[in-house]
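**Q** Mind having a look at this structure? Questions to follow.
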Amino acid sequence: MLMMATFTISSAQTKKVSILGDSYSTFIGVIPANYSTFYPNDRNDVTEIEQTWWSLYIKAKGYELEKNDSWGGTTICGTGYGGMDTSGSNFISRVDSLGHPDIIFVFGGTNDAWANSPVGEYKYSDWTKDDCKNFRPALACLIDMLQKQYSTAKICCILNSELRGAINESMREICKHYQVPSSNSVISRNRTAIRRLTA
């Protein structure tokens, strides 16, 4: 189950929503065809797009989906499972793929945690590729890029509450630095749903 705290976004017209995510935000036929997907599969009961957290949110608000650039197994930083260099598929590499959104949800960090990607130090400028192999500088670089490229969009970060503390603590701190709202989530691998989300 997925629970998210309240985000406040005014709505005078139909908002376009883009998602930059990992497996929890995927659905076959919606994400790019070459991306790995998690939904649907025989290990959970999410069988329709309408059951995904983002579709429920968009429908409830009367918004529309702009782009869903979610790729199963991907990390925010450039270090994946087994220490693999994931700079070609990580969240940073996909910043250009979100279209023209009014709202951007960044739902990641799960694979960074599960892959034991290095956390690194806080760094808020002058990032190198090597810096961004670590979670903290990579997330800061990601948010900075999103804010500059989508300057009129509202950016919201979603945290998986089941992750090791360093990842979520780092995300909260970095989001605070950039004045980006962040929300804890509670995830069940059997189903992803919304209890409460107002934006």
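Labels used: A, B, ... for chains in the order of the structure tokens, numbers from 1 for residues in each chain, and numbers from 1 for ligands as shown.
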What residues in stretch 50-153 of chain A get the DSSP label strand (DSSP E or B)? Please answer as a PyMOL selection string.
**A** chain A and resi 64-70+79+85+103-107
**Q** Hey, can you spit out that residue selection with C-alpha atoms as an mmCIF file, in the first residue's frame?
**A**
data_model
loop_
_atom_site.group_PDB
_atom_site.id
_atom_site.type_symbol
_atom_site.label_atom_id
_atom_site.label_comp_id
_atom_site.auth_asym_id
_atom_site.auth_seq_id
_atom_site.Cartn_x
_atom_site.Cartn_y
_atom_site.Cartn_z
ATOM 1 C CA GLU A 64 -3.729 14.391 -17.148
ATOM 2 C CA LEU A 65 -0.582 12.352 -17.630
ATOM 3 C CA GLU A 66 2.124 14.127 -19.578
ATOM 4 C CA LYS A 67 4.977 11.588 -19.387
ATOM 5 C CA ASN A 68 5.774 8.557 -17.273
ATOM 6 C CA ASP A 69 9.510 7.963 -17.452
ATOM 7 C CA SER A 70 9.762 5.161 -14.910
ATOM 8 C CA THR A 79 25.944 3.081 -9.097
ATOM 9 C CA ASP A 85 27.897 1.926 -13.599
ATOM 10 C CA ILE A 103 3.787 18.758 -11.711
ATOM 11 C CA ILE A 104 6.719 16.342 -11.494
ATOM 12 C CA PHE A 105 6.786 13.424 -9.080
ATOM 13 C CA VAL A 106 10.195 11.924 -8.372
ATOM 14 C CA PHE A 107 9.709 8.492 -6.823
#
**Q** Name the residues in contact with A:Asp22 at a cut-off of 8 Å, using only C-alpha atoms, excluding same-chain residues fewer than 5 positions from it; report them as a count of residues only.
**A** 10
**Q** Have a look at A:Ser97, A:Asn134, A:Ser55, A:Asn168 and name the one nearest to A:Gly78; count only C-alpha atoms.
**A**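 Among A:Ser97, A:Asn134, A:Ser55, A:Asn168, it is A:Asn134 that comes nearest to A:Gly78.
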**Q** So that I can check the surroundings of A:His100, please list as a ChimeraX atom specification every protein, DNA and RNA residue that reaches within 9 Å of it, counting only C-alpha atoms and ignoring chain neighbours fewer than 2 positions away.
**A** /A:16-18,66-67,98,102,150,153
**Q** Restricting it to all heavy atoms, dump the selection as a tab-separated table (two decimals), in the first residue's frame.
**A**
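In the end it all went to part_27.tsv:
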chain	number	residue	atom	x	y	z
A	16	LYS	N	-0.80	19.03	-16.03
A	16	LYS	CA	-0.13	17.90	-16.64
A	16	LYS	C	0.91	17.35	-15.67
A	16	LYS	O	1.71	18.11	-15.13
A	16	LYS	CB	0.53	18.31	-17.96
A	16	LYS	CG	-0.46	18.76	-19.03
A	16	LYS	CD	0.26	19.14	-20.31
A	16	LYS	CE	-0.73	19.55	-21.38
A	16	LYS	NZ	-0.03	19.92	-22.65
A	17	VAL	N	0.88	16.04	-15.47
A	17	VAL	CA	1.73	15.38	-14.48
A	17	VAL	C	2.74	14.48	-15.18
A	17	VAL	O	2.37	13.67	-16.04
A	17	VAL	CB	0.88	14.53	-13.51
A	17	VAL	CG1	1.78	13.79	-12.51
A	17	VAL	CG2	-0.14	15.40	-12.79
A	18	SER	N	4.00	14.62	-14.80
A	18	SER	CA	5.04	13.71	-15.27
A	18	SER	C	5.66	13.00	-14.08
A	18	SER	O	5.72	13.55	-12.97
A	18	SER	CB	6.12	14.45	-16.05
A	18	SER	OG	5.64	14.87	-17.31
A	66	GLU	N	1.27	13.59	-18.52
A	66	GLU	CA	2.12	14.13	-19.58
A	66	GLU	C	3.12	13.05	-20.01
A	66	GLU	O	3.09	12.58	-21.13
A	66	GLU	CB	2.84	15.38	-19.08
A	66	GLU	CG	3.89	15.95	-20.02
A	66	GLU	CD	3.32	16.57	-21.29
A	66	GLU	OE1	2.09	16.57	-21.49
A	66	GLU	OE2	4.13	17.05	-22.10
A	67	LYS	N	4.01	12.63	-19.09
A	67	LYS	CA	4.98	11.59	-19.39
A	67	LYS	C	5.19	10.73	-18.14
A	67	LYS	O	5.22	11.25	-17.02
A	67	LYS	CB	6.34	12.18	-19.80
A	67	LYS	CG	6.33	12.96	-21.11
A	67	LYS	CD	6.29	12.04	-22.30
A	67	LYS	CE	6.42	12.83	-23.60
A	67	LYS	NZ	6.42	11.96	-24.78
A	98	LEU	N	10.65	14.33	-19.80
A	98	LEU	CA	9.41	14.54	-19.04
A	98	LEU	C	8.39	15.44	-19.73
A	98	LEU	O	7.34	15.72	-19.16
A	98	LEU	CB	9.75	15.10	-17.65
A	98	LEU	CG	10.68	14.22	-16.81
A	98	LEU	CD1	10.97	14.89	-15.47
A	98	LEU	CD2	10.09	12.83	-16.61
A	102	ASP	N	3.30	20.33	-15.50
A	102	ASP	CA	3.04	21.32	-14.44
A	102	ASP	C	3.46	20.77	-13.08
A	102	ASP	O	3.76	21.53	-12.16
A	102	ASP	CB	1.55	21.66	-14.40
A	102	ASP	CG	1.06	22.27	-15.71
A	102	ASP	OD1	1.55	23.35	-16.07
A	102	ASP	OD2	0.22	21.65	-16.36
A	150	TYR	N	12.67	22.68	-15.76
A	150	TYR	CA	11.21	22.78	-15.65
A	150	TYR	C	10.89	23.85	-14.61
A	150	TYR	O	10.32	23.55	-13.56
A	150	TYR	CB	10.62	21.43	-15.28
A	150	TYR	CG	11.02	20.31	-16.23
A	150	TYR	CD1	12.08	19.46	-15.93
A	150	TYR	CD2	10.35	20.12	-17.44
A	150	TYR	CE1	12.46	18.44	-16.80
A	150	TYR	CE2	10.73	19.11	-18.32
A	150	TYR	CZ	11.78	18.27	-18.00
A	150	TYR	OH	12.16	17.28	-18.86
A	153	ALA	N	7.36	24.18	-13.12
A	153	ALA	CA	6.72	22.97	-12.60
A	153	ALA	C	6.89	22.84	-11.09
A	153	ALA	O	7.91	23.26	-10.53
A	153	ALA	CB	7.27	21.74	-13.28
**Q** Out of A:Lys154, A:Glu48, A:Cys77, A:Ser170, which residue has the shortest atom-to-atom distance to A:Ser93 when counting only C-alpha atoms?
**A**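 Comparing A:Lys154, A:Glu48, A:Cys77, A:Ser170 against A:Ser93, the winner is A:Cys77.
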**Q** Write out as a list in words each polymer residue whose atoms come within 9 Å of A:Ala113, counting only C-alpha atoms; drop sequence neighbours fewer than 2 positions from it.
**A**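 In the requested form, the answer reads Thr75, Gly109, Thr110, Asn111, Ala115, Asn116, Ser117, Pro118, Leu163, Arg164, Ala166 and Ile167 of chain A.
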**Q** Restrict the selected residues to N, CA, C and O atoms and save them as a compact mmCIF listing (two decimals), in the first residue's frame.
**A**
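Final file, part-v6.txt:
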# COMPACT_ATOMS: atom_id res chain seq x y z
N THR A 75 18.45 3.42 -10.48
CA THR A 75 18.88 4.20 -9.32
C THR A 75 18.87 5.69 -9.64
O THR A 75 18.94 6.08 -10.81
N GLY A 109 15.01 6.10 -5.16
CA GLY A 109 15.84 5.83 -3.99
C GLY A 109 15.75 4.39 -3.53
O GLY A 109 16.61 3.92 -2.79
N THR A 110 14.70 3.68 -3.97
CA THR A 110 14.52 2.29 -3.54
C THR A 110 15.68 1.42 -4.01
O THR A 110 16.26 0.66 -3.22
N ASN A 111 16.04 1.53 -5.27
CA ASN A 111 17.14 0.70 -5.77
C ASN A 111 18.50 1.17 -5.27
O ASN A 111 19.40 0.35 -5.10
N ALA A 115 20.53 -1.70 -3.59
CA ALA A 115 21.80 -2.02 -4.25
C ALA A 115 23.00 -1.63 -3.38
O ALA A 115 24.15 -1.84 -3.78
N ASN A 116 22.72 -1.03 -2.22
CA ASN A 116 23.79 -0.52 -1.35
C ASN A 116 24.69 0.45 -2.10
O ASN A 116 25.92 0.43 -1.95
N SER A 117 24.08 1.30 -2.91
CA SER A 117 24.85 2.33 -3.60
C SER A 117 25.50 3.26 -2.57
O SER A 117 24.92 3.51 -1.51
N PRO A 118 26.68 3.77 -2.86
CA PRO A 118 27.34 4.66 -1.89
C PRO A 118 26.54 5.93 -1.68
O PRO A 118 25.96 6.47 -2.62
N LEU A 163 13.10 1.93 3.41
CA LEU A 163 14.50 1.97 3.02
C LEU A 163 15.40 2.23 4.22
O LEU A 163 14.96 2.70 5.26
N ARG A 164 16.70 1.92 4.04
CA ARG A 164 17.65 2.20 5.10
C ARG A 164 17.69 3.69 5.38
O ARG A 164 17.54 4.52 4.48
N ALA A 166 19.78 6.10 5.95
CA ALA A 166 20.64 7.09 5.31
C ALA A 166 20.04 7.62 4.02
O ALA A 166 20.23 8.79 3.67
N ILE A 167 19.33 6.77 3.29
CA ILE A 167 18.74 7.20 2.02
C ILE A 167 17.61 8.20 2.26
O ILE A 167 17.59 9.30 1.69
**Q** Quote the spacing between atom CA of A:Trp127 and atom CA of A:Ser183 in Å to one decimal place.
**A**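 Separation of atom CA of A:Trp127 and atom CA of A:Ser183: 25.7 Å.
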**Q** Which of stretch 89-162 of chain A counts as alpha helix (DSSP H) under DSSP, as a list in words please?
**A** Thr110, Asn111, Asp112, Ala113, Trp114, Phe135, Arg136, Pro137, Ala138, Leu139, Ala140, Cys141, Leu142, Ile143, Asp144, Met145, Leu146, Gln147, Lys148 and Gln149 of chain A
**Q** For the atom pair atom CA of A:Glu173 and atom CA of A:Leu20, what is the interatomic distance in Å to one decimal place?
**A**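 Spanning atom CA of A:Glu173 to atom CA of A:Leu20 is a straight-line distance of 19.6 Å.
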**Q** Report as a ChimeraX atom specification all protein, DNA and RNA residues lying within 6 Å of stretch 137-140 of chain A, evaluated on only C-alpha atoms, omitting residues in the same chain fewer than 4 positions from it.
**A** /A:77,122-124,132
**Q** As an exercise, work out the distance from atom CA of A:Val119 to atom CA of A:Thr86 in Å and give it to one decimal place.
**A**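 Atom CA of A:Thr86 lies at a distance of 15.0 Å from atom CA of A:Val119.
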**Q** Could you tell me which of A:Leu142, A:Ile58, A:Ile31, A:Val46 comes closest to A:Thr14 if we count only C-alpha atoms?
**A**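 Nearest to A:Thr14: A:Ile58.
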**Q** Smallest atom-to-atom distance to A:Ile143: which of A:Trp114, A:Tyr178, A:Trp53, A:Tyr63, using only C-alpha atoms?
**A**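 Result for the nearest residue to A:Ile143: A:Tyr178.
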**Q** Compare A:Tyr35, A:Gly82, A:Asn184, A:Met145 by their minimum atom-to-atom distance to A:Cys157, counting only C-alpha atoms, and give me the closest one.
**A**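 Nearest to A:Cys157: A:Asn184.
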**Q** May I have the residues within 8 Å of A:Tyr24 as a PyMOL selection string, using only C-alpha atoms and disregarding those fewer than 2 positions away in the same chain?
**A** chain A and resi 21-22+26+38-39+72+192
**Q** Include all heavy atoms and write out the residues we just selected as a JSON list (two decimals), in the first residue's frame.
**A**
[["chain", "number", "residue", "atom", "x", "y", "z"],
["A", 21, "GLY", "N", 10.55, 7.83, -12.23],
["A", 21, "GLY", "CA", 10.49, 6.82, -11.20],
["A", 21, "GLY", "C", 11.20, 5.53, -11.53],
["A", 21, "GLY", "O", 11.90, 5.41, -12.53],
["A", 22, "ASP", "N", 10.98, 4.56, -10.62],
["A", 22, "ASP", "CA", 11.53, 3.21, -10.79],
["A", 22, "ASP", "C", 10.36, 2.24, -10.95],
["A", 22, "ASP", "O", 9.29, 2.62, -11.43],
["A", 22, "ASP", "CB", 12.45, 2.85, -9.63],
["A", 22, "ASP", "CG", 11.80, 3.05, -8.27],
["A", 22, "ASP", "OD1", 10.56, 2.91, -8.16],
["A", 22, "ASP", "OD2", 12.52, 3.32, -7.28],
["A", 26, "THR", "N", 5.92, 2.01, -12.75],
["A", 26, "THR", "CA", 5.84, 1.51, -14.12],
["A", 26, "THR", "C", 4.46, 0.94, -14.44],
["A", 26, "THR", "O", 3.70, 0.58, -13.55],
["A", 26, "THR", "CB", 6.89, 0.39, -14.37],
["A", 26, "THR", "OG1", 6.63, -0.70, -13.46],
["A", 26, "THR", "CG2", 8.30, 0.90, -14.17],
["A", 38, "PHE", "N", 7.51, -3.36, -13.87],
["A", 38, "PHE", "CA", 7.11, -4.23, -12.76],
["A", 38, "PHE", "C", 5.63, -4.57, -12.84],
["A", 38, "PHE", "O", 5.21, -5.65, -12.46],
["A", 38, "PHE", "CB", 7.43, -3.56, -11.43],
["A", 38, "PHE", "CG", 7.15, -4.41, -10.23],
["A", 38, "PHE", "CD1", 7.89, -5.54, -9.96],
["A", 38, "PHE", "CD2", 6.13, -4.06, -9.35],
["A", 38, "PHE", "CE1", 7.63, -6.33, -8.83],
["A", 38, "PHE", "CE2", 5.86, -4.84, -8.22],
["A", 38, "PHE", "CZ", 6.60, -5.98, -7.97],
["A", 39, "TYR", "N", 4.84, -3.63, -13.31],
["A", 39, "TYR", "CA", 3.39, -3.83, -13.39],
["A", 39, "TYR", "C", 2.95, -3.94, -14.85],
["A", 39, "TYR", "O", 3.43, -3.18, -15.68],
["A", 39, "TYR", "CB", 2.63, -2.67, -12.74],
["A", 39, "TYR", "CG", 2.89, -2.51, -11.27],
["A", 39, "TYR", "CD1", 3.56, -1.39, -10.79],
["A", 39, "TYR", "CD2", 2.47, -3.47, -10.36],
["A", 39, "TYR", "CE1", 3.80, -1.24, -9.43],
["A", 39, "TYR", "CE2", 2.70, -3.32, -9.00],
["A", 39, "TYR", "CZ", 3.37, -2.20, -8.54],
["A", 39, "TYR", "OH", 3.60, -2.05, -7.21],
["A", 72, "GLY", "N", 12.10, 0.25, -14.25],
["A", 72, "GLY", "CA", 12.32, -0.69, -13.16],
["A", 72, "GLY", "C", 13.78, -0.99, -12.93],
["A", 72, "GLY", "O", 14.55, -1.19, -13.87],
["A", 192, "THR", "N", 0.04, -1.41, -5.16],
["A", 192, "THR", "CA", 0.34, -0.01, -4.96],
["A", 192, "THR", "C", -0.96, 0.78, -5.08],
["A", 192, "THR", "O", -1.61, 0.72, -6.11],
["A", 192, "THR", "CB", 1.36, 0.50, -5.99],
["A", 192, "THR", "OG1", 2.53, -0.30, -5.92],
["A", 192, "THR", "CG2", 1.74, 1.94, -5.73]]
